[in-house]
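Structure file my_file15.pdb (PDB, C-alpha atoms) follows.
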```pdb
ATOM      1  CA  ASP A   1       0.000   0.000   0.000  1.00  0.00           C
ATOM      2  CA  ALA A   2       1.950   3.005  -1.297  1.00  0.00           C
ATOM      3  CA  ARG A   3       1.743   6.112   0.871  1.00  0.00           C
ATOM      4  CA  VAL A   4       3.351   9.480   1.249  1.00  0.00           C
ATOM      5  CA  THR A   5       5.319   9.572   4.469  1.00  0.00           C
ATOM      6  CA  GLN A   6       6.202  12.656   6.466  1.00  0.00           C
ATOM      7  CA  THR A   7       8.543  13.121   9.378  1.00  0.00           C
ATOM      8  CA  PRO A   8       8.305  14.233  12.076  1.00  0.00           C
ATOM      9  CA  ARG A   9       4.569  13.955  12.729  1.00  0.00           C
ATOM     10  CA  HIS A  10       4.775  16.503  15.520  1.00  0.00           C
ATOM     11  CA  LYS A  11       7.359  19.171  16.259  1.00  0.00           C
ATOM     12  CA  VAL A  12       7.465  21.677  19.081  1.00  0.00           C
ATOM     13  CA  THR A  13      10.225  24.235  18.940  1.00  0.00           C
ATOM     14  CA  GLU A  14      11.120  27.651  20.196  1.00  0.00           C
ATOM     15  CA  MET A  15      11.041  30.810  18.177  1.00  0.00           C
ATOM     16  CA  GLY A  16      14.254  31.338  16.256  1.00  0.00           C
ATOM     17  CA  GLN A  17      15.099  27.663  15.870  1.00  0.00           C
ATOM     18  CA  GLU A  18      15.521  25.923  12.539  1.00  0.00           C
ATOM     19  CA  VAL A  19      12.847  23.409  11.576  1.00  0.00           C
ATOM     20  CA  THR A  20      13.233  20.764   8.887  1.00  0.00           C
ATOM     21  CA  MET A  21      10.303  18.715   7.667  1.00  0.00           C
ATOM     22  CA  ARG A  22      10.776  15.723   5.399  1.00  0.00           C
ATOM     23  CA  CYS A  23       8.579  13.998   2.888  1.00  0.00           C
ATOM     24  CA  GLN A  24       8.982  10.767   0.999  1.00  0.00           C
ATOM     25  CA  PRO A  25       6.719  10.793  -2.059  1.00  0.00           C
ATOM     26  CA  ILE A  26       5.185   7.663  -3.489  1.00  0.00           C
ATOM     27  CA  LEU A  27       7.684   5.801  -5.638  1.00  0.00           C
ATOM     28  CA  GLY A  28       7.270   6.770  -9.279  1.00  0.00           C
ATOM     29  CA  HIS A  29       5.458  10.028  -8.601  1.00  0.00           C
ATOM     30  CA  ASN A  30       7.142  12.989 -10.285  1.00  0.00           C
ATOM     31  CA  THR A  31       5.314  15.921  -8.699  1.00  0.00           C
ATOM     32  CA  VAL A  32       5.581  16.957  -5.062  1.00  0.00           C
ATOM     33  CA  PHE A  33       3.596  19.651  -3.273  1.00  0.00           C
ATOM     34  CA  TRP A  34       3.902  21.370   0.087  1.00  0.00           C
ATOM     35  CA  TYR A  35       0.738  22.773   1.679  1.00  0.00           C
ATOM     36  CA  ARG A  36       0.215  24.566   4.969  1.00  0.00           C
ATOM     37  CA  GLN A  37      -3.069  24.320   6.860  1.00  0.00           C
ATOM     38  CA  THR A  38      -4.177  26.803   9.514  1.00  0.00           C
ATOM     39  CA  MET A  39      -7.537  27.693  10.955  1.00  0.00           C
ATOM     40  CA  MET A  40      -7.295  31.235   9.669  1.00  0.00           C
ATOM     41  CA  GLN A  41      -5.938  30.667   6.156  1.00  0.00           C
ATOM     42  CA  GLY A  42      -7.090  27.145   5.399  1.00  0.00           C
ATOM     43  CA  LEU A  43      -4.966  25.153   2.940  1.00  0.00           C
ATOM     44  CA  GLU A  44      -2.289  27.183   1.193  1.00  0.00           C
ATOM     45  CA  LEU A  45       0.065  25.932  -1.476  1.00  0.00           C
ATOM     46  CA  LEU A  46       3.610  26.809  -0.494  1.00  0.00           C
ATOM     47  CA  ALA A  47       5.605  25.211  -3.302  1.00  0.00           C
ATOM     48  CA  TYR A  48       5.631  22.400  -5.799  1.00  0.00           C
ATOM     49  CA  PHE A  49       8.114  20.455  -7.850  1.00  0.00           C
ATOM     50  CA  ARG A  50       7.968  18.472 -11.042  1.00  0.00           C
ATOM     51  CA  ASN A  51      10.793  16.039 -11.754  1.00  0.00           C
ATOM     52  CA  ARG A  52      12.628  17.584  -8.764  1.00  0.00           C
ATOM     53  CA  ALA A  53      12.622  21.056 -10.317  1.00  0.00           C
ATOM     54  CA  PRO A  54      10.790  23.812  -8.444  1.00  0.00           C
ATOM     55  CA  LEU A  55       7.894  25.113 -10.538  1.00  0.00           C
ATOM     56  CA  ASP A  56       6.130  27.479  -8.197  1.00  0.00           C
ATOM     57  CA  ASP A  57       7.102  28.697  -4.762  1.00  0.00           C
ATOM     58  CA  SER A  58       5.158  31.937  -4.850  1.00  0.00           C
ATOM     59  CA  GLY A  59       3.189  30.952  -1.764  1.00  0.00           C
ATOM     60  CA  MET A  60       6.262  30.595   0.371  1.00  0.00           C
ATOM     61  CA  PRO A  61       7.835  33.371   2.472  1.00  0.00           C
ATOM     62  CA  LYS A  62      11.235  33.466   0.809  1.00  0.00           C
ATOM     63  CA  ASP A  63      13.127  35.083   3.630  1.00  0.00           C
ATOM     64  CA  ARG A  64      12.706  32.169   5.997  1.00  0.00           C
ATOM     65  CA  PHE A  65      11.325  29.195   4.078  1.00  0.00           C
ATOM     66  CA  SER A  66      13.133  26.968   1.626  1.00  0.00           C
ATOM     67  CA  ALA A  67      12.039  23.814  -0.184  1.00  0.00           C
ATOM     68  CA  GLU A  68      14.266  21.332  -1.945  1.00  0.00           C
ATOM     69  CA  MET A  69      14.285  17.878  -3.475  1.00  0.00           C
ATOM     70  CA  PRO A  70      17.761  16.434  -2.986  1.00  0.00           C
ATOM     71  CA  ASP A  71      16.639  13.320  -4.828  1.00  0.00           C
ATOM     72  CA  ALA A  72      13.462  11.754  -6.167  1.00  0.00           C
ATOM     73  CA  THR A  73      12.688  10.043  -2.855  1.00  0.00           C
ATOM     74  CA  LEU A  74      13.050  13.027  -0.543  1.00  0.00           C
ATOM     75  CA  ALA A  75      11.550  16.498  -0.330  1.00  0.00           C
ATOM     76  CA  THR A  76      12.415  18.905   2.462  1.00  0.00           C
ATOM     77  CA  LEU A  77      10.849  22.074   3.790  1.00  0.00           C
ATOM     78  CA  LYS A  78      12.971  24.225   6.074  1.00  0.00           C
ATOM     79  CA  ILE A  79      12.077  27.203   8.184  1.00  0.00           C
ATOM     80  CA  GLN A  80      14.922  29.326   9.536  1.00  0.00           C
ATOM     81  CA  PRO A  81      14.351  31.139  11.807  1.00  0.00           C
ATOM     82  CA  SER A  82      10.947  29.866  12.898  1.00  0.00           C
ATOM     83  CA  GLU A  83       8.282  32.195  14.286  1.00  0.00           C
ATOM     84  CA  PRO A  84       5.076  31.543  16.242  1.00  0.00           C
ATOM     85  CA  ARG A  85       2.998  32.439  13.188  1.00  0.00           C
ATOM     86  CA  ASP A  86       4.519  29.416  11.413  1.00  0.00           C
ATOM     87  CA  SER A  87       2.558  27.112  13.714  1.00  0.00           C
ATOM     88  CA  ALA A  88       0.409  24.989  11.417  1.00  0.00           C
ATOM     89  CA  VAL A  89       0.049  21.549   9.907  1.00  0.00           C
ATOM     90  CA  TYR A  90       2.293  21.084   6.899  1.00  0.00           C
ATOM     91  CA  PHE A  91       1.198  18.551   4.308  1.00  0.00           C
ATOM     92  CA  CYS A  92       3.217  16.989   1.561  1.00  0.00           C
ATOM     93  CA  ALA A  93       1.455  15.485  -1.439  1.00  0.00           C
ATOM     94  CA  SER A  94       2.704  13.659  -4.495  1.00  0.00           C
ATOM     95  CA  GLY A  95       1.277  12.816  -7.890  1.00  0.00           C
ATOM     96  CA  ARG A  96       2.126  11.371 -11.266  1.00  0.00           C
ATOM     97  CA  GLY A  97       1.900  13.174 -14.588  1.00  0.00           C
ATOM     98  CA  GLN A  98       0.224  16.517 -15.165  1.00  0.00           C
ATOM     99  CA  GLY A  99      -3.174  18.154 -15.128  1.00  0.00           C
ATOM    100  CA  ALA A 100      -5.904  16.307 -13.275  1.00  0.00           C
ATOM    101  CA  GLN A 101      -3.649  13.795 -11.640  1.00  0.00           C
ATOM    102  CA  GLU A 102      -4.752  12.647  -8.216  1.00  0.00           C
ATOM    103  CA  LYS A 103      -2.600  14.007  -5.441  1.00  0.00           C
ATOM    104  CA  PHE A 104      -1.887  11.698  -2.539  1.00  0.00           C
ATOM    105  CA  PHE A 105      -1.446  13.484   0.748  1.00  0.00           C
ATOM    106  CA  GLY A 106       0.765  12.521   3.625  1.00  0.00           C
ATOM    107  CA  PRO A 107      -0.450  12.598   7.237  1.00  0.00           C
ATOM    108  CA  GLY A 108       1.100  15.996   7.877  1.00  0.00           C
ATOM    109  CA  THR A 109       3.609  17.502  10.307  1.00  0.00           C
ATOM    110  CA  ARG A 110       2.025  19.474  13.124  1.00  0.00           C
ATOM    111  CA  LEU A 111       4.419  22.316  13.955  1.00  0.00           C
ATOM    112  CA  THR A 112       4.150  24.404  17.094  1.00  0.00           C
ATOM    113  CA  VAL A 113       6.524  27.327  17.514  1.00  0.00           C
ATOM    114  CA  LEU A 114       6.560  28.746  21.032  1.00  0.00           C
TER     115      LEU A 114
ATOM    116  CA  ALA B   1      -6.783  33.561 -10.819  1.00  0.00           C
ATOM    117  CA  GLN B   2      -8.991  30.574 -10.210  1.00  0.00           C
ATOM    118  CA  SER B   3     -10.772  30.103  -6.901  1.00  0.00           C
ATOM    119  CA  VAL B   4     -13.550  28.162  -5.227  1.00  0.00           C
ATOM    120  CA  THR B   5     -16.065  29.276  -2.633  1.00  0.00           C
ATOM    121  CA  GLN B   6     -17.637  26.819  -0.248  1.00  0.00           C
ATOM    122  CA  LEU B   7     -20.915  28.005   1.192  1.00  0.00           C
ATOM    123  CA  GLY B   8     -21.332  27.006   4.812  1.00  0.00           C
ATOM    124  CA  SER B   9     -18.353  26.253   7.013  1.00  0.00           C
ATOM    125  CA  HIS B  10     -20.470  23.839   9.061  1.00  0.00           C
ATOM    126  CA  VAL B  11     -23.264  21.561   7.891  1.00  0.00           C
ATOM    127  CA  SER B  12     -25.243  19.169  10.089  1.00  0.00           C
ATOM    128  CA  VAL B  13     -27.503  16.453   8.753  1.00  0.00           C
ATOM    129  CA  SER B  14     -29.309  13.551  10.353  1.00  0.00           C
ATOM    130  CA  GLU B  15     -28.140  10.029   9.704  1.00  0.00           C
ATOM    131  CA  GLY B  16     -29.922   8.776   6.591  1.00  0.00           C
ATOM    132  CA  ALA B  17     -30.672  12.260   5.273  1.00  0.00           C
ATOM    133  CA  LEU B  18     -29.395  13.849   2.086  1.00  0.00           C
ATOM    134  CA  VAL B  19     -25.963  15.442   2.216  1.00  0.00           C
ATOM    135  CA  LEU B  20     -25.453  18.576   0.110  1.00  0.00           C
ATOM    136  CA  LEU B  21     -22.195  20.515   0.278  1.00  0.00           C
ATOM    137  CA  ARG B  22     -21.945  23.560  -1.945  1.00  0.00           C
ATOM    138  CA  CYS B  23     -19.037  24.725  -4.046  1.00  0.00           C
ATOM    139  CA  ASN B  24     -18.887  27.490  -6.632  1.00  0.00           C
ATOM    140  CA  TYR B  25     -15.871  28.162  -8.768  1.00  0.00           C
ATOM    141  CA  SER B  26     -14.468  31.226 -10.428  1.00  0.00           C
ATOM    142  CA  SER B  27     -12.548  30.722 -13.640  1.00  0.00           C
ATOM    143  CA  SER B  28     -12.451  32.273 -17.079  1.00  0.00           C
ATOM    144  CA  VAL B  29     -12.347  28.815 -18.658  1.00  0.00           C
ATOM    145  CA  PRO B  30     -13.767  25.540 -17.341  1.00  0.00           C
ATOM    146  CA  PRO B  31     -11.196  24.165 -14.929  1.00  0.00           C
ATOM    147  CA  TYR B  32     -10.680  20.801 -13.330  1.00  0.00           C
ATOM    148  CA  LEU B  33     -12.603  20.468 -10.070  1.00  0.00           C
ATOM    149  CA  PHE B  34     -12.100  18.168  -7.113  1.00  0.00           C
ATOM    150  CA  TRP B  35     -13.613  17.206  -3.796  1.00  0.00           C
ATOM    151  CA  TYR B  36     -11.346  15.993  -1.012  1.00  0.00           C
ATOM    152  CA  VAL B  37     -12.228  14.668   2.436  1.00  0.00           C
ATOM    153  CA  GLN B  38     -10.138  15.049   5.590  1.00  0.00           C
ATOM    154  CA  TYR B  39     -10.755  12.909   8.638  1.00  0.00           C
ATOM    155  CA  PRO B  40      -9.427  14.138  12.002  1.00  0.00           C
ATOM    156  CA  ASN B  41      -5.630  14.164  12.253  1.00  0.00           C
ATOM    157  CA  GLN B  42      -5.226  12.782   8.757  1.00  0.00           C
ATOM    158  CA  GLY B  43      -4.245  14.024   5.337  1.00  0.00           C
ATOM    159  CA  LEU B  44      -6.668  14.690   2.510  1.00  0.00           C
ATOM    160  CA  GLN B  45      -8.177  11.940   0.392  1.00  0.00           C
ATOM    161  CA  LEU B  46      -9.646  12.405  -3.071  1.00  0.00           C
ATOM    162  CA  LEU B  47     -13.406  11.761  -3.258  1.00  0.00           C
ATOM    163  CA  LEU B  48     -13.958  12.584  -6.917  1.00  0.00           C
ATOM    164  CA  LYS B  49     -12.858  14.845  -9.745  1.00  0.00           C
ATOM    165  CA  TYR B  50     -14.296  16.539 -12.816  1.00  0.00           C
ATOM    166  CA  THR B  51     -12.063  16.680 -15.871  1.00  0.00           C
ATOM    167  CA  SER B  52     -14.444  17.827 -18.623  1.00  0.00           C
ATOM    168  CA  ALA B  53     -15.835  14.403 -19.428  1.00  0.00           C
ATOM    169  CA  ALA B  54     -19.202  13.494 -17.865  1.00  0.00           C
ATOM    170  CA  THR B  55     -20.767  16.354 -15.909  1.00  0.00           C
ATOM    171  CA  LEU B  56     -22.092  13.979 -13.247  1.00  0.00           C
ATOM    172  CA  VAL B  57     -19.153  12.461 -11.448  1.00  0.00           C
ATOM    173  CA  LYS B  58     -19.375   9.532  -9.080  1.00  0.00           C
ATOM    174  CA  GLY B  59     -16.812   9.085  -6.349  1.00  0.00           C
ATOM    175  CA  ILE B  60     -15.977   6.893  -3.430  1.00  0.00           C
ATOM    176  CA  ASN B  61     -18.190   6.241  -0.408  1.00  0.00           C
ATOM    177  CA  GLY B  62     -21.393   6.936  -2.362  1.00  0.00           C
ATOM    178  CA  PHE B  63     -20.654  10.589  -3.079  1.00  0.00           C
ATOM    179  CA  GLU B  64     -21.273  12.302  -6.387  1.00  0.00           C
ATOM    180  CA  ALA B  65     -21.030  15.809  -7.773  1.00  0.00           C
ATOM    181  CA  GLU B  66     -22.472  17.566 -10.785  1.00  0.00           C
ATOM    182  CA  PHE B  67     -20.620  20.164 -12.816  1.00  0.00           C
ATOM    183  CA  LYS B  68     -22.972  22.968 -13.872  1.00  0.00           C
ATOM    184  CA  LYS B  69     -21.275  25.492 -16.090  1.00  0.00           C
ATOM    185  CA  SER B  70     -24.269  27.848 -16.164  1.00  0.00           C
ATOM    186  CA  GLU B  71     -24.200  28.071 -12.381  1.00  0.00           C
ATOM    187  CA  THR B  72     -20.400  27.744 -12.008  1.00  0.00           C
ATOM    188  CA  SER B  73     -21.118  25.115  -9.388  1.00  0.00           C
ATOM    189  CA  PHE B  74     -19.799  21.716  -8.394  1.00  0.00           C
ATOM    190  CA  HIS B  75     -21.922  20.674  -5.423  1.00  0.00           C
ATOM    191  CA  LEU B  76     -21.249  17.419  -3.592  1.00  0.00           C
ATOM    192  CA  THR B  77     -24.146  15.137  -2.675  1.00  0.00           C
ATOM    193  CA  LYS B  78     -24.843  11.807  -1.037  1.00  0.00           C
ATOM    194  CA  PRO B  79     -28.378  10.409  -0.825  1.00  0.00           C
ATOM    195  CA  SER B  80     -28.099   8.968   2.673  1.00  0.00           C
ATOM    196  CA  ALA B  81     -25.637  10.125   5.311  1.00  0.00           C
ATOM    197  CA  HIS B  82     -23.709   7.678   7.465  1.00  0.00           C
ATOM    198  CA  MET B  83     -22.036   8.411  10.763  1.00  0.00           C
ATOM    199  CA  SER B  84     -18.704   7.633   9.110  1.00  0.00           C
ATOM    200  CA  ASP B  85     -19.191  10.599   6.750  1.00  0.00           C
ATOM    201  CA  ALA B  86     -18.437  13.059   9.546  1.00  0.00           C
ATOM    202  CA  ALA B  87     -15.321  14.887   8.364  1.00  0.00           C
ATOM    203  CA  GLU B  88     -14.154  18.078   6.705  1.00  0.00           C
ATOM    204  CA  TYR B  89     -14.722  18.388   2.971  1.00  0.00           C
ATOM    205  CA  PHE B  90     -12.721  20.571   0.629  1.00  0.00           C
ATOM    206  CA  CYS B  91     -13.574  21.679  -2.867  1.00  0.00           C
ATOM    207  CA  ALA B  92     -10.552  22.457  -5.042  1.00  0.00           C
ATOM    208  CA  VAL B  93      -9.792  23.805  -8.511  1.00  0.00           C
ATOM    209  CA  SER B  94      -6.846  23.517 -10.834  1.00  0.00           C
ATOM    210  CA  PRO B  95      -6.136  24.900 -14.290  1.00  0.00           C
ATOM    211  CA  VAL B  96      -6.347  22.380 -17.086  1.00  0.00           C
ATOM    212  CA  ARG B  97      -2.715  22.770 -18.028  1.00  0.00           C
ATOM    213  CA  ASN B  98      -0.939  22.472 -14.715  1.00  0.00           C
ATOM    214  CA  GLU B  99      -1.086  20.797 -11.346  1.00  0.00           C
ATOM    215  CA  LYS B 100      -1.553  23.812  -9.112  1.00  0.00           C
ATOM    216  CA  LEU B 101      -4.479  22.977  -6.826  1.00  0.00           C
ATOM    217  CA  THR B 102      -6.314  25.751  -4.961  1.00  0.00           C
ATOM    218  CA  PHE B 103      -8.576  24.729  -2.100  1.00  0.00           C
ATOM    219  CA  GLY B 104     -11.726  26.236  -0.674  1.00  0.00           C
ATOM    220  CA  THR B 105     -12.045  26.977   3.008  1.00  0.00           C
ATOM    221  CA  GLY B 106     -13.680  23.658   3.801  1.00  0.00           C
ATOM    222  CA  THR B 107     -17.033  22.504   5.181  1.00  0.00           C
ATOM    223  CA  ARG B 108     -17.201  20.509   8.377  1.00  0.00           C
ATOM    224  CA  LEU B 109     -19.932  17.890   8.117  1.00  0.00           C
ATOM    225  CA  THR B 110     -21.554  16.644  11.311  1.00  0.00           C
ATOM    226  CA  ILE B 111     -23.904  13.668  11.293  1.00  0.00           C
ATOM    227  CA  ILE B 112     -26.663  13.655  13.901  1.00  0.00           C
ATOM    228  CA  PRO B 113     -27.621  10.163  15.119  1.00  0.00           C
TER     229      PRO B 113
END
```
Could you show the structure in this file as structure tokens?
Amino acid sequence: DARVTQTPRHKVTEMGQEVTMRCQPILGHNTVFWYRQTMMQGLELLAYFRNRAPLDDSGMPKDRFSAEMPDATLATLKIQPSEPRDSAVYFCASGRGQGAQEKFFGPGTRLTVL
Amino acid sequence: AQSVTQLGSHVSVSEGALVLLRCNYSSSVPPYLFWYVQYPNQGLQLLLKYTSAATLVKGINGFEAEFKKSETSFHLTKPSAHMSDAAEYFCAVSPVRNEKLTFGTGTRLTIIP
């Protein structure tokens, strides 16, 4: 049963610390997405990749957030320095092909910045 | 830019009653449309999608949705609600030519026993 995996599932950190979230997409999927979910803003697309190349990161605060795909089996989202307003659930999703492809979501990383 | 509006952040229905969750889209050309479900502390799961084929789309768990261009709507329905349907439901839109998915604000569905 292929699934998107995310680590850690929960992270509590203090303001100013670096946070790294990891995602393993489903094997064979060539698109990867990072979403952030908060009560106030709902689900926001932060960035997405196709074939490991970043296609759109316009939803991501560039001064503190960075997203990379070191290889086809790993996507990372880093926040440095973290701030309380970054507290949210961060979802990774992967898909195959283009257009109306189904996106498979991971279970999310719940981040709390104190 | 494309967007979707979900009317009603909370909907309650009795078990066995009709479920109707509303979604309207805004797009200059017909987009692809999706409904996702999120159970507590889980990621999102695709219920169904419209990709310009049949306007009535059937999905998992007995849900279906009808694309109505004249009304710019893509409402989600289920004839008879089950307790297991309690969850949050998201309507989403993407352009035909790329994968960028934009979500609505979600509707929390509560089932009354």
Within-8 Å shell of (3.3, 19.5, 17.2) in input frame, all atoms listed in the file, as a list in words: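 Residues with an atom close enough to that point: Arg9, His10, Lys11, Val12, Thr109, Arg110, Leu111 and Thr112 of chain A.
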For chain B, list the residues within 9 Å of chain A, counting only C-alpha atoms, and write the list as a PyMOL selection string. chain B and resi 32-34+41-46+49-51+94-106
May I ask for the distance between CA of Gln2 in chain B and CA of Met60 in chain A, given in Å to one decimal place?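 Separation of CA of Gln2 in chain B and CA of Met60 in chain A: 18.6 Å.
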Can you translate the PyMOL selection byres ((chain B and resi 3-14) around 9) into the concrete residues it hits in this file, as number ranges by chain? B: 1-2, 15-27, 81-83, 88, 90-94, 102-113
Contacts of range 71-74 of chain A within 8 Å, all atoms listed in the file, excl. fewer than 3 positions in-chain, as a count of residues only: 9
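Distances here use all atoms listed in the file; by that measure, the residue among A:Ala75, A:Thr20, A:Gln80, A:Ser87 closest to Gln37 in chain A is A:Ser87.
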Taken to one decimal, the CA of Ser94 in chain A-CA of Ile79 in chain A distance is 20.8 Å
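Across the chains present, the PyMOL selection byres ((chain A and resi 82) around 6) applied to this file returns Met15, Gly16, Gln17, Ile79, Gln80, Pro81 and Glu83 of chain A.
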